[in-house]
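One structure is given below, encoded as structure tokens.
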Amino acid sequence: MTGNFDWAYLFEISLTGVAGGGLYALAALAFVMVYKATRVVNIAIGELLMVGAYLFFTFASMFALPLWLAIPGAVLGTGLLGAVIERTMIRPLLGEPPISVFMVTVGLASVLVGLVEMIWTADQRRLPDFMPTQPIMVGDAFLAPKVFWGAVIAVAFIAAVLVVFRFWRGGVALRATASDQAAAYSVGINVPRVFSLAWVASAMLAAISGIIVGSIGGISSSMGVFGLSVLVVVIVGGLDSVLGALVGGILIGLIEALAGAYLGGEYKLLATFIVLVAVLLVRPYGLFGTHEIERL
């Protein structure tokens, strides 16, 4: 039986899963950034990702702007939206029960979907190609070029974020606030400004992720469902763990690819939720999460 097993196919599927996991990791990093700084579970991360993709579509296809303007414009526009959300919806709820803020982000997700359908309709659309289209071969394994280059872009941005938040002053302030808000206040850190920074950076990362995901599979008002898999990733990895976001993204991407290939596409989500339940039974705070986290 073993001799008939197609190891080359397994390798090819695994490569695709790991590459797709890089996209999950980027979106999960956006989620973790907000949670670490503000302790807000942002259920609307998939919808922010969708808004970034639609803004790119608007600038590149409808306004015919060059890609070097359309992509930064979409990312900055989504970052501005993140700042507005933090200032008008999240900051007034500081000190309120976590479930109140959680429900605000649930409502925000529905509002963003409604706005997208009002402005752009619910029809599926294609984004302009901006990634190389030459086939990618790793040994005998074929990897879809958009998936490969999407993963490369995601990894580059993840590395850039980790470096920026390790050495940049704003990143140091964000990490200090995430560790202890009272201590951050006492050393003169403007905590509300750090909250705003976290939401802006998170929304911009979500937009980058949305542009990549949209360029691979097209965009529609339902693409926020991607956020459901991202939520699984961050819960498996640990809500407050950057390392968990990276490991969880690759793990869930790999499991989805293997389940889709060997069981059928309809089992992908089932497989990820089985992994989620199994991890939570053993480690209720996720693989790398802090033990003190309170689950909603």
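Within each chain, counting starts at residue 1; across the structure tokens, chains are named A, B, ... in the order shown, with ligands numbered 1 upward in that order.
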Non-local contacts of Ala271 in chain A (7 Å; only C-alpha atoms; under 5 positions in same chain excluded) as a list of chain:residue names: A:Ile255, A:Glu256, A:Ala259
Neighbouring residues of range 228-238 of chain A were defined as those with any atom within 6 Å, considering only C-alpha atoms; residues of the same chain fewer than 6 positions away were excluded. Please report them as a ChimeraX atom specification. /A:24,28,244-245,248-249,276,285-289
My list of candidates is A:Gly46, A:Gly217, A:Gly265, A:Pro192. Which is closest to Ser110 in chain A when distances are computed with only C-alpha atoms?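 With only C-alpha atoms as the atom set, the closest residue is A:Gly46.
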Closest of A:Ile158, A:Leu174, A:Leu29, A:Leu243 to Ser196 in chain A, counting only C-alpha atoms, is A:Leu174
Residue contacts of range 221-226 of chain A (6 Å, only C-alpha atoms) excluding same-chain residues fewer than 5 positions away, as a PyMOL selection string: chain A and resi 46-47+50+113+122
Selection file, all heavy atoms, as a PDB file, in the first residue's frame:
ATOM      1  N   GLY A  46     -11.994  40.155   9.021  1.00  0.00           N
ATOM      2  CA  GLY A  46     -12.225  39.714   7.645  1.00  0.00           C
ATOM      3  C   GLY A  46     -12.869  40.798   6.800  1.00  0.00           C
ATOM      4  O   GLY A  46     -12.590  40.928   5.601  1.00  0.00           O
ATOM      5  N   GLU A  47     -13.731  41.603   7.426  1.00  0.00           N
ATOM      6  CA  GLU A  47     -14.405  42.680   6.692  1.00  0.00           C
ATOM      7  C   GLU A  47     -13.447  43.843   6.417  1.00  0.00           C
ATOM      8  O   GLU A  47     -13.554  44.508   5.375  1.00  0.00           O
ATOM      9  CB  GLU A  47     -15.632  43.149   7.467  1.00  0.00           C
ATOM     10  CG  GLU A  47     -16.835  42.227   7.348  1.00  0.00           C
ATOM     11  CD  GLU A  47     -16.628  40.866   8.008  1.00  0.00           C
ATOM     12  OE1 GLU A  47     -15.860  40.797   8.995  1.00  0.00           O
ATOM     13  OE2 GLU A  47     -17.217  39.882   7.544  1.00  0.00           O
ATOM     14  N   MET A  50     -11.620  42.797   3.478  1.00  0.00           N
ATOM     15  CA  MET A  50     -12.477  42.985   2.297  1.00  0.00           C
ATOM     16  C   MET A  50     -12.468  44.440   1.833  1.00  0.00           C
ATOM     17  O   MET A  50     -12.367  44.717   0.626  1.00  0.00           O
ATOM     18  CB  MET A  50     -13.901  42.546   2.654  1.00  0.00           C
ATOM     19  CG  MET A  50     -14.953  42.852   1.620  1.00  0.00           C
ATOM     20  SD  MET A  50     -16.615  42.494   2.242  1.00  0.00           S
ATOM     21  CE  MET A  50     -16.800  43.759   3.510  1.00  0.00           C
ATOM     22  N   VAL A 113     -20.075  44.980   5.476  1.00  0.00           N
ATOM     23  CA  VAL A 113     -20.605  44.170   4.367  1.00  0.00           C
ATOM     24  C   VAL A 113     -21.736  44.928   3.665  1.00  0.00           C
ATOM     25  O   VAL A 113     -21.787  44.995   2.427  1.00  0.00           O
ATOM     26  CB  VAL A 113     -21.118  42.800   4.879  1.00  0.00           C
ATOM     27  CG1 VAL A 113     -21.878  42.066   3.778  1.00  0.00           C
ATOM     28  CG2 VAL A 113     -19.962  41.943   5.358  1.00  0.00           C
ATOM     29  N   ALA A 122     -23.070  43.179  -4.807  1.00  0.00           N
ATOM     30  CA  ALA A 122     -22.587  41.905  -4.262  1.00  0.00           C
ATOM     31  C   ALA A 122     -21.917  41.036  -5.322  1.00  0.00           C
ATOM     32  O   ALA A 122     -21.506  39.912  -5.045  1.00  0.00           O
ATOM     33  CB  ALA A 122     -23.745  41.150  -3.626  1.00  0.00           C
TER      34      ALA A 122
END
Mind checking which residues fall within 7 Å of range 135-147 of chain A, counting only C-alpha atoms, ignoring those fewer than 5 positions away in the same chain, and posting them as a count of residues only? 7
Expressed in Å, the length from CA of Leu205 in chain A to CA of Tyr267 in chain A is 28.5 Å
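Computed from the coordinates, the CA of Val161 in chain A to CA of Leu251 in chain A distance equals 20.8 Å.
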Counting only C-alpha atoms, which of A:Val75, A:Leu81, A:Ala37, A:Ala109 gets nearest to Ile212 in chain A?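 Once distances to Ile212 in chain A are computed over only C-alpha atoms, the minimum belongs to A:Val75.
For the pair CA of Asp123 in chain A and CA of Ala64 in chain A, the separation is 19.8 Å.
Take the candidates A:Ala173, A:Leu270, A:Val18, A:Ile99 and check each one against Ala198 in chain A using only C-alpha atoms; the shortest distance goes to A:Ala173.
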Can you tell me, as a ChimeraX atom specification, which residues in range 99-292 of chain A count as strand (DSSP E) by DSSP? /A:136-138,141-143
Based on DSSP run over this structure's backbone, return all residues of range 39-76 of chain A in alpha helix (DSSP H), as an NGL selection string. :A and (45-57 or 67-76)
Identify which of the residues A:Ile252, A:Val152, A:Leu94, A:Leu281 lies closest to Leu269 in chain A, counting only C-alpha atoms when measuring atom-to-atom distances.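 Under the stated criterion, the closest residue is A:Ile252.
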Near-Pro66 in chain A list (12 Å; only C-alpha atoms; drop same-chain fewer than 5 positions) as a ChimeraX atom specification: /A:56-61,71-73,128-130
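Residue nearest Thr38 in chain A, chosen from A:Lys268, A:Arg166, A:Arg175, A:Arg283 and counting only C-alpha atoms: A:Arg175.
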